[in-house]
$ cat entry-v8.cif   # mmCIF, C-alpha atoms
data_run
#
loop_
_atom_site.label_atom_id
_atom_site.label_comp_id
_atom_site.auth_asym_id
_atom_site.auth_seq_id
_atom_site.Cartn_x
_atom_site.Cartn_y
_atom_site.Cartn_z
CA MET A 1390 -57.77 61.13 -26.30
CA LYS A 1391 -56.92 57.61 -25.17
CA ILE A 1392 -55.13 55.29 -27.63
CA GLY A 1393 -54.58 51.56 -27.16
CA VAL A 1394 -51.23 50.33 -28.44
CA ILE A 1395 -50.40 46.72 -29.32
CA SER A 1396 -47.65 45.06 -31.32
CA ASP A 1397 -46.12 41.73 -32.21
CA THR A 1398 -49.26 39.66 -31.75
CA HIS A 1399 -47.82 36.92 -34.02
CA ILE A 1400 -51.19 35.16 -34.22
CA ARG A 1401 -51.05 32.67 -37.09
CA SER A 1402 -54.53 31.14 -36.82
CA LEU A 1403 -57.81 31.58 -35.03
CA ASP A 1404 -56.75 28.79 -32.65
CA LYS A 1405 -54.87 31.50 -30.75
CA THR A 1406 -56.56 34.78 -29.85
CA ILE A 1407 -55.77 38.09 -28.27
CA PRO A 1408 -55.90 37.68 -24.47
CA ASN A 1409 -59.12 38.93 -22.83
CA GLU A 1410 -57.06 41.24 -20.60
CA VAL A 1411 -56.16 43.29 -23.68
CA PHE A 1412 -59.83 44.02 -24.37
CA GLU A 1413 -60.32 44.99 -20.71
CA ILE A 1414 -57.33 47.36 -20.82
CA PHE A 1415 -58.49 48.84 -24.14
CA GLU A 1416 -62.06 49.42 -22.95
CA GLY A 1417 -62.97 53.05 -23.65
CA VAL A 1418 -60.06 53.83 -26.00
CA ASP A 1419 -60.77 56.11 -28.95
CA LEU A 1420 -58.27 54.46 -31.30
CA ILE A 1421 -55.97 51.43 -31.42
CA LEU A 1422 -52.52 51.36 -33.02
CA HIS A 1423 -50.97 48.03 -34.04
CA ALA A 1424 -47.22 48.28 -34.63
CA GLY A 1425 -46.81 45.22 -36.83
CA ASP A 1426 -46.25 41.48 -36.91
CA ILE A 1427 -50.01 41.02 -37.21
CA LEU A 1428 -49.84 37.84 -39.38
CA ILE A 1429 -53.63 37.46 -39.87
CA GLU A 1430 -56.12 40.26 -40.41
CA GLU A 1431 -58.62 38.66 -38.04
CA VAL A 1432 -56.50 40.18 -35.25
CA LEU A 1433 -57.35 43.66 -36.53
CA ILE A 1434 -61.01 42.73 -36.97
CA GLN A 1435 -61.15 41.62 -33.31
CA LEU A 1436 -59.57 44.90 -32.21
CA GLN A 1437 -61.97 46.92 -34.40
CA ALA A 1438 -64.80 45.68 -32.17
CA VAL A 1439 -63.30 47.98 -29.51
CA ALA A 1440 -62.23 51.05 -31.55
CA PRO A 1441 -60.96 52.05 -35.00
CA VAL A 1442 -57.56 50.46 -35.74
CA LEU A 1443 -54.56 51.85 -37.61
CA ALA A 1444 -51.81 49.35 -38.34
CA VAL A 1445 -48.49 48.86 -40.08
CA ALA A 1446 -46.85 45.67 -41.29
CA GLY A 1447 -43.90 44.10 -39.51
CA ASN A 1448 -41.03 41.95 -40.72
CA ASN A 1449 -43.04 38.72 -40.20
CA ASP A 1450 -46.14 39.90 -42.07
CA SER A 1451 -47.16 38.67 -45.50
CA TYR A 1452 -46.82 40.65 -48.68
CA GLU A 1453 -50.61 41.17 -48.66
CA ILE A 1454 -50.50 42.81 -45.23
CA TYR A 1455 -47.41 44.81 -46.23
CA LYS A 1456 -49.15 46.02 -49.39
CA LYS A 1457 -52.37 46.93 -47.55
CA TYR A 1458 -50.87 48.62 -44.47
CA GLY A 1459 -47.34 49.65 -45.40
CA THR A 1460 -44.54 49.92 -42.86
CA ARG A 1461 -44.86 53.54 -41.79
CA ARG A 1462 -47.72 55.88 -40.87
CA LEU A 1463 -47.80 59.45 -39.69
CA ILE A 1464 -50.89 60.15 -37.60
CA GLU A 1465 -52.07 63.49 -36.27
CA VAL A 1466 -54.20 63.38 -33.12
CA GLU A 1467 -55.19 66.38 -31.00
CA GLY A 1468 -52.54 68.44 -32.80
CA LYS A 1469 -49.79 65.94 -31.98
CA LYS A 1470 -47.87 63.90 -34.55
CA ILE A 1471 -47.38 60.19 -33.91
CA GLY A 1472 -45.11 58.08 -36.08
CA LEU A 1473 -46.17 54.43 -36.28
CA THR A 1474 -43.74 51.77 -37.51
CA HIS A 1475 -42.64 48.26 -36.66
CA GLY A 1476 -38.91 48.99 -36.45
CA MET A 1477 -36.02 46.69 -37.23
CA SER A 1478 -32.56 45.71 -35.93
CA ARG A 1479 -31.31 43.69 -33.02
CA GLY A 1480 -29.73 46.67 -31.31
CA LYS A 1481 -31.57 49.83 -30.35
CA THR A 1482 -34.81 49.35 -32.28
CA TYR A 1483 -36.03 52.78 -31.19
CA MET A 1484 -33.14 54.39 -33.08
CA THR A 1485 -34.11 52.78 -36.39
CA ALA A 1486 -37.73 53.76 -35.71
CA TYR A 1487 -36.57 57.33 -35.00
CA ALA A 1488 -34.63 57.43 -38.28
CA GLU A 1489 -37.86 56.74 -40.19
CA PHE A 1490 -39.45 59.93 -38.83
CA LEU A 1491 -36.39 62.15 -38.55
CA ASN A 1492 -37.85 64.84 -40.84
CA ASP A 1493 -41.46 64.68 -39.64
CA ASN A 1494 -41.22 66.65 -36.37
CA VAL A 1495 -43.06 63.93 -34.43
CA ASP A 1496 -44.10 64.12 -30.80
CA CYS A 1497 -44.20 60.34 -30.35
CA ILE A 1498 -42.88 57.24 -32.11
CA VAL A 1499 -44.77 54.00 -31.62
CA TYR A 1500 -42.83 50.92 -32.63
CA GLY A 1501 -42.59 47.19 -31.96
CA HIS A 1502 -40.24 44.43 -33.15
CA SER A 1503 -38.13 43.97 -30.00
CA HIS A 1504 -41.01 42.75 -27.76
CA ILE A 1505 -39.41 44.94 -25.08
CA PRO A 1506 -41.71 47.55 -23.50
CA HIS A 1507 -40.27 51.06 -23.77
CA ASN A 1508 -41.83 54.29 -22.52
CA GLU A 1509 -39.24 57.06 -22.53
CA ILE A 1510 -38.93 60.66 -23.62
CA ILE A 1511 -35.72 61.34 -25.52
CA ASN A 1512 -35.08 64.82 -26.98
CA ASN A 1513 -38.75 65.77 -26.45
CA VAL A 1514 -40.01 62.70 -28.36
CA LEU A 1515 -41.90 59.92 -26.58
CA PHE A 1516 -40.57 56.52 -27.69
CA PHE A 1517 -43.26 53.95 -27.02
CA ASN A 1518 -43.11 50.19 -27.53
CA PRO A 1519 -45.96 48.25 -25.90
CA GLY A 1520 -44.05 44.95 -25.90
CA SER A 1521 -46.07 41.92 -26.98
CA ALA A 1522 -49.46 40.78 -25.71
CA THR A 1523 -48.86 37.21 -26.90
CA GLN A 1524 -45.11 36.51 -27.19
CA ARG A 1525 -43.10 37.76 -24.25
CA ARG A 1526 -39.83 36.21 -25.49
CA PHE A 1527 -37.29 37.12 -22.80
CA GLN A 1528 -39.60 39.49 -20.96
CA PRO A 1529 -41.14 38.37 -17.66
CA ARG A 1530 -44.69 39.24 -18.77
CA HIS A 1531 -46.84 40.04 -21.81
CA SER A 1532 -47.77 43.70 -22.24
CA VAL A 1533 -49.72 46.36 -24.13
CA GLY A 1534 -49.88 50.12 -23.77
CA ILE A 1535 -52.06 53.18 -23.62
CA LEU A 1536 -51.15 56.63 -24.95
CA TYR A 1537 -52.87 59.64 -23.45
CA VAL A 1538 -52.94 62.55 -25.89
CA GLY A 1539 -53.88 66.04 -24.83
CA HIS A 1540 -51.67 69.05 -24.14
CA LYS A 1541 -48.83 66.50 -24.23
CA ILE A 1542 -48.47 62.78 -24.96
CA THR A 1543 -47.80 60.34 -22.16
CA GLY A 1544 -47.73 56.57 -22.21
CA GLU A 1545 -48.41 53.74 -19.81
CA ILE A 1546 -47.42 50.08 -20.10
CA PHE A 1547 -49.88 47.46 -18.84
CA TYR A 1548 -48.57 44.03 -17.95
CA ILE A 1549 -50.61 40.90 -18.46
CA ASP A 1550 -50.14 37.74 -16.39
#
$ encode --input "entry-v8.cif" --output "structure tokens"
Amino acid sequence: MKIGVISDTHIRSLDKTIPNEVFEIFEGVDLILHAGDILIEEVLIQLQAVAPVLAVAGNNDSYEIYKKYGTRRLIEVEGKKIGLTHGMSRGKTYMTAYAEFLNDNVDCIVYGHSHIPHNEIINNVLFFNPGSATQRRFQPRHSVGILYVGHKITGEIFYID
């Protein structure tokens, strides 16, 4: 199974859209995960044109988005458990994301918040942050990710110019 992963889109109005490169990268995915800071639901509607979308709210999302999507999801795909959250903190965001799923025996944790791409296995758990497709902050480029789920879970970061 191939899963598109996006986070921190921070799109406040339809004047700004998801870059076309994201749709090219996500072509053929079976599912899309959005790890929060969505801001407007039209972002999810655009992504749903590609594949089903599962999302969580981030710290910049409205109460309505928070109420509808929550801040934490546990997803089972191909027998693998994926924890989806936005994450918090200015330090090691992956550690706060890990704490949310400490008792869930996850194979992968997808998180956002930092806008810093991260694709690393720590203690047999894949920590995966796609970065941001629209707000690179201090990163040199925008980015999204793909998870490949089969016998194991692997991730790949795709950079957008």
$ closest_atom_pairs --input "entry-v8.cif" --of "region 1401-1485 of chain A" --to "region 1489-1498 of chain A" --cutoff "8 Å" --atoms "only C-alpha atoms" --output "Markdown table"
| residue | atom | partner | partner_atom | distance |
| --- | --- | --- | --- | --- |
| A:Arg1461 | CA | A:Glu1489 | CA | 7.9 |
| A:Lys1469 | CA | A:Asp1496 | CA | 6.1 |
| A:Lys1470 | CA | A:Val1495 | CA | 4.8 |
| A:Ile1471 | CA | A:Cys1497 | CA | 4.8 |
| A:Gly1472 | CA | A:Ile1498 | CA | 4.6 |
| A:Leu1473 | CA | A:Ile1498 | CA | 6.0 |
| A:Thr1474 | CA | A:Ile1498 | CA | 7.7 |
| A:Thr1485 | CA | A:Glu1489 | CA | 6.6 |
$ resolve_selection --input "entry-v8.cif" --expression "the PyMOL selection byres ((chain A and resi 1411) around 9)" --output "NGL selection string"
:A and (1395 or 1407-1410 or 1412-1416 or 1522 or 1532-1533 or 1547 or 1549)
$ atom_distance --input "entry-v8.cif" --atom1 "CA of Val1432 (chain A)" --atom2 "CA of Leu1403 (chain A)"
8.7 Å
$ resolve_selection --input "entry-v8.cif" --expression "the PyMOL selection byres ((chain A and resi 1511) around 12)" --output "list in words"
Tyr1483, Met1484, Tyr1487, Val1495, Asp1496, Cys1497, Ile1498, His1507, Asn1508, Glu1509, Ile1510, Asn1512, Asn1513, Val1514, Leu1515, Phe1516 and Phe1517 of chain A
$ atom_distance --input "entry-v8.cif" --atom1 "CA of Thr1543 (chain A)" --atom2 "CA of Gly1417 (chain A)"
16.9 Å
$ resolve_selection --input "entry-v8.cif" --expression "the PyMOL selection byres ((chain A and resi 1466) around 12)" --output "compact mmCIF listing (two decimals) with C-alpha atoms, in the frame of the given file"
# COMPACT_ATOMS: atom_id res chain seq x y z
CA MET A 1390 -57.77 61.13 -26.30
CA LYS A 1391 -56.92 57.61 -25.17
CA ILE A 1392 -55.13 55.29 -27.63
CA ASP A 1419 -60.77 56.11 -28.95
CA LEU A 1420 -58.27 54.46 -31.30
CA LEU A 1463 -47.80 59.45 -39.69
CA ILE A 1464 -50.89 60.15 -37.60
CA GLU A 1465 -52.07 63.49 -36.27
CA GLU A 1467 -55.19 66.38 -31.00
CA GLY A 1468 -52.54 68.44 -32.80
CA LYS A 1469 -49.79 65.94 -31.98
CA LYS A 1470 -47.87 63.90 -34.55
CA ILE A 1471 -47.38 60.19 -33.91
CA GLY A 1472 -45.11 58.08 -36.08
CA VAL A 1495 -43.06 63.93 -34.43
CA ASP A 1496 -44.10 64.12 -30.80
CA CYS A 1497 -44.20 60.34 -30.35
CA LEU A 1536 -51.15 56.63 -24.95
CA TYR A 1537 -52.87 59.64 -23.45
CA VAL A 1538 -52.94 62.55 -25.89
CA GLY A 1539 -53.88 66.04 -24.83
CA HIS A 1540 -51.67 69.05 -24.14
CA LYS A 1541 -48.83 66.50 -24.23
CA ILE A 1542 -48.47 62.78 -24.96
$ atom_distance --input "entry-v8.cif" --atom1 "CA of Leu1433 (chain A)" --atom2 "CA of Ile1421 (chain A)"
9.4 Å
$ closest_residue --input "entry-v8.cif" --among "A:Ala1424, A:Ile1429, A:Arg1462, A:Ser1503" --to "Ala1446 (chain A)" --atoms "only C-alpha atoms"
A:Ala1424
$ closest_residue --input "entry-v8.cif" --among "A:Ser1402, A:Met1477, A:Tyr1458, A:Leu1422" --to "Gly1534 (chain A)" --atoms "all atoms listed in the file"
A:Leu1422
$ residues_around --input "entry-v8.cif" --residues "Asn1449 (chain A)" --least-positions-apart "2" --cutoff "10 Å" --atoms "all atoms listed in the file" --output "VMD selection string"
chain A and resid 1397 1399 1425 to 1428 1446 to 1447 1451 to 1452 1454 to 1455 1502
$ closest_residue --input "entry-v8.cif" --among "A:Gly1393, A:Gly1501, A:Gly1476, A:Gly1459" --to "Pro1441 (chain A)" --atoms "all atoms listed in the file"
A:Gly1393
$ build_atoms --input "entry-v8.cif" --residues "region 1468-1490 of chain A" --atoms "N, CA and C atoms" --output "PDB file, in the frame of the given file"
ATOM      1  N   GLY A1468     -53.634  67.542 -32.481  1.00  0.00           N
ATOM      2  CA  GLY A1468     -52.540  68.440 -32.800  1.00  0.00           C
ATOM      3  C   GLY A1468     -51.148  67.869 -32.567  1.00  0.00           C
ATOM      4  N   LYS A1469     -51.074  66.606 -32.204  1.00  0.00           N
ATOM      5  CA  LYS A1469     -49.790  65.940 -31.980  1.00  0.00           C
ATOM      6  C   LYS A1469     -49.518  64.949 -33.105  1.00  0.00           C
ATOM      7  N   LYS A1470     -48.254  64.838 -33.491  1.00  0.00           N
ATOM      8  CA  LYS A1470     -47.870  63.900 -34.550  1.00  0.00           C
ATOM      9  C   LYS A1470     -47.281  62.631 -33.934  1.00  0.00           C
ATOM     10  N   ILE A1471     -47.844  61.501 -34.367  1.00  0.00           N
ATOM     11  CA  ILE A1471     -47.380  60.190 -33.910  1.00  0.00           C
ATOM     12  C   ILE A1471     -46.884  59.416 -35.124  1.00  0.00           C
ATOM     13  N   GLY A1472     -45.654  58.953 -35.059  1.00  0.00           N
ATOM     14  CA  GLY A1472     -45.110  58.080 -36.080  1.00  0.00           C
ATOM     15  C   GLY A1472     -45.346  56.641 -35.664  1.00  0.00           C
ATOM     16  N   LEU A1473     -45.894  55.841 -36.565  1.00  0.00           N
ATOM     17  CA  LEU A1473     -46.170  54.430 -36.280  1.00  0.00           C
ATOM     18  C   LEU A1473     -45.362  53.565 -37.241  1.00  0.00           C
ATOM     19  N   THR A1474     -44.557  52.667 -36.705  1.00  0.00           N
ATOM     20  CA  THR A1474     -43.740  51.770 -37.510  1.00  0.00           C
ATOM     21  C   THR A1474     -43.513  50.487 -36.722  1.00  0.00           C
ATOM     22  N   HIS A1475     -42.985  49.490 -37.385  1.00  0.00           N
ATOM     23  CA  HIS A1475     -42.640  48.260 -36.660  1.00  0.00           C
ATOM     24  C   HIS A1475     -41.225  48.367 -36.092  1.00  0.00           C
ATOM     25  N   GLY A1476     -40.307  48.901 -36.873  1.00  0.00           N
ATOM     26  CA  GLY A1476     -38.910  48.990 -36.450  1.00  0.00           C
ATOM     27  C   GLY A1476     -38.160  47.733 -36.848  1.00  0.00           C
ATOM     28  N   MET A1477     -36.883  47.823 -36.861  1.00  0.00           N
ATOM     29  CA  MET A1477     -36.020  46.690 -37.230  1.00  0.00           C
ATOM     30  C   MET A1477     -34.789  46.735 -36.334  1.00  0.00           C
ATOM     31  N   SER A1478     -33.888  45.812 -36.543  1.00  0.00           N
ATOM     32  CA  SER A1478     -32.560  45.710 -35.930  1.00  0.00           C
ATOM     33  C   SER A1478     -32.599  44.929 -34.629  1.00  0.00           C
ATOM     34  N   ARG A1479     -31.458  44.429 -34.270  1.00  0.00           N
ATOM     35  CA  ARG A1479     -31.310  43.690 -33.020  1.00  0.00           C
ATOM     36  C   ARG A1479     -30.797  44.615 -31.916  1.00  0.00           C
ATOM     37  N   GLY A1480     -30.286  45.751 -32.292  1.00  0.00           N
ATOM     38  CA  GLY A1480     -29.730  46.670 -31.310  1.00  0.00           C
ATOM     39  C   GLY A1480     -30.819  47.570 -30.745  1.00  0.00           C
ATOM     40  N   LYS A1481     -30.621  48.844 -30.868  1.00  0.00           N
ATOM     41  CA  LYS A1481     -31.570  49.830 -30.350  1.00  0.00           C
ATOM     42  C   LYS A1481     -32.662  50.066 -31.386  1.00  0.00           C
ATOM     43  N   THR A1482     -33.726  49.272 -31.305  1.00  0.00           N
ATOM     44  CA  THR A1482     -34.810  49.350 -32.280  1.00  0.00           C
ATOM     45  C   THR A1482     -35.397  50.757 -32.339  1.00  0.00           C
ATOM     46  N   TYR A1483     -35.442  51.438 -31.201  1.00  0.00           N
ATOM     47  CA  TYR A1483     -36.030  52.780 -31.190  1.00  0.00           C
ATOM     48  C   TYR A1483     -35.228  53.747 -32.060  1.00  0.00           C
ATOM     49  N   MET A1484     -33.939  53.507 -32.235  1.00  0.00           N
ATOM     50  CA  MET A1484     -33.140  54.390 -33.080  1.00  0.00           C
ATOM     51  C   MET A1484     -33.472  54.211 -34.556  1.00  0.00           C
ATOM     52  N   THR A1485     -33.714  52.979 -34.993  1.00  0.00           N
ATOM     53  CA  THR A1485     -34.110  52.780 -36.390  1.00  0.00           C
ATOM     54  C   THR A1485     -35.516  53.318 -36.613  1.00  0.00           C
ATOM     55  N   ALA A1486     -36.379  53.190 -35.608  1.00  0.00           N
ATOM     56  CA  ALA A1486     -37.730  53.760 -35.710  1.00  0.00           C
ATOM     57  C   ALA A1486     -37.626  55.292 -35.805  1.00  0.00           C
ATOM     58  N   TYR A1487     -36.766  55.879 -34.994  1.00  0.00           N
ATOM     59  CA  TYR A1487     -36.570  57.330 -35.000  1.00  0.00           C
ATOM     60  C   TYR A1487     -36.082  57.811 -36.368  1.00  0.00           C
ATOM     61  N   ALA A1488     -35.180  57.053 -36.981  1.00  0.00           N
ATOM     62  CA  ALA A1488     -34.630  57.430 -38.280  1.00  0.00           C
ATOM     63  C   ALA A1488     -35.725  57.514 -39.350  1.00  0.00           C
ATOM     64  N   GLU A1489     -36.771  56.705 -39.218  1.00  0.00           N
ATOM     65  CA  GLU A1489     -37.860  56.740 -40.190  1.00  0.00           C
ATOM     66  C   GLU A1489     -38.668  58.033 -40.134  1.00  0.00           C
ATOM     67  N   PHE A1490     -38.628  58.721 -39.007  1.00  0.00           N
ATOM     68  CA  PHE A1490     -39.450  59.930 -38.830  1.00  0.00           C
ATOM     69  C   PHE A1490     -38.600  61.160 -38.530  1.00  0.00           C
TER      70      PHE A1490
END
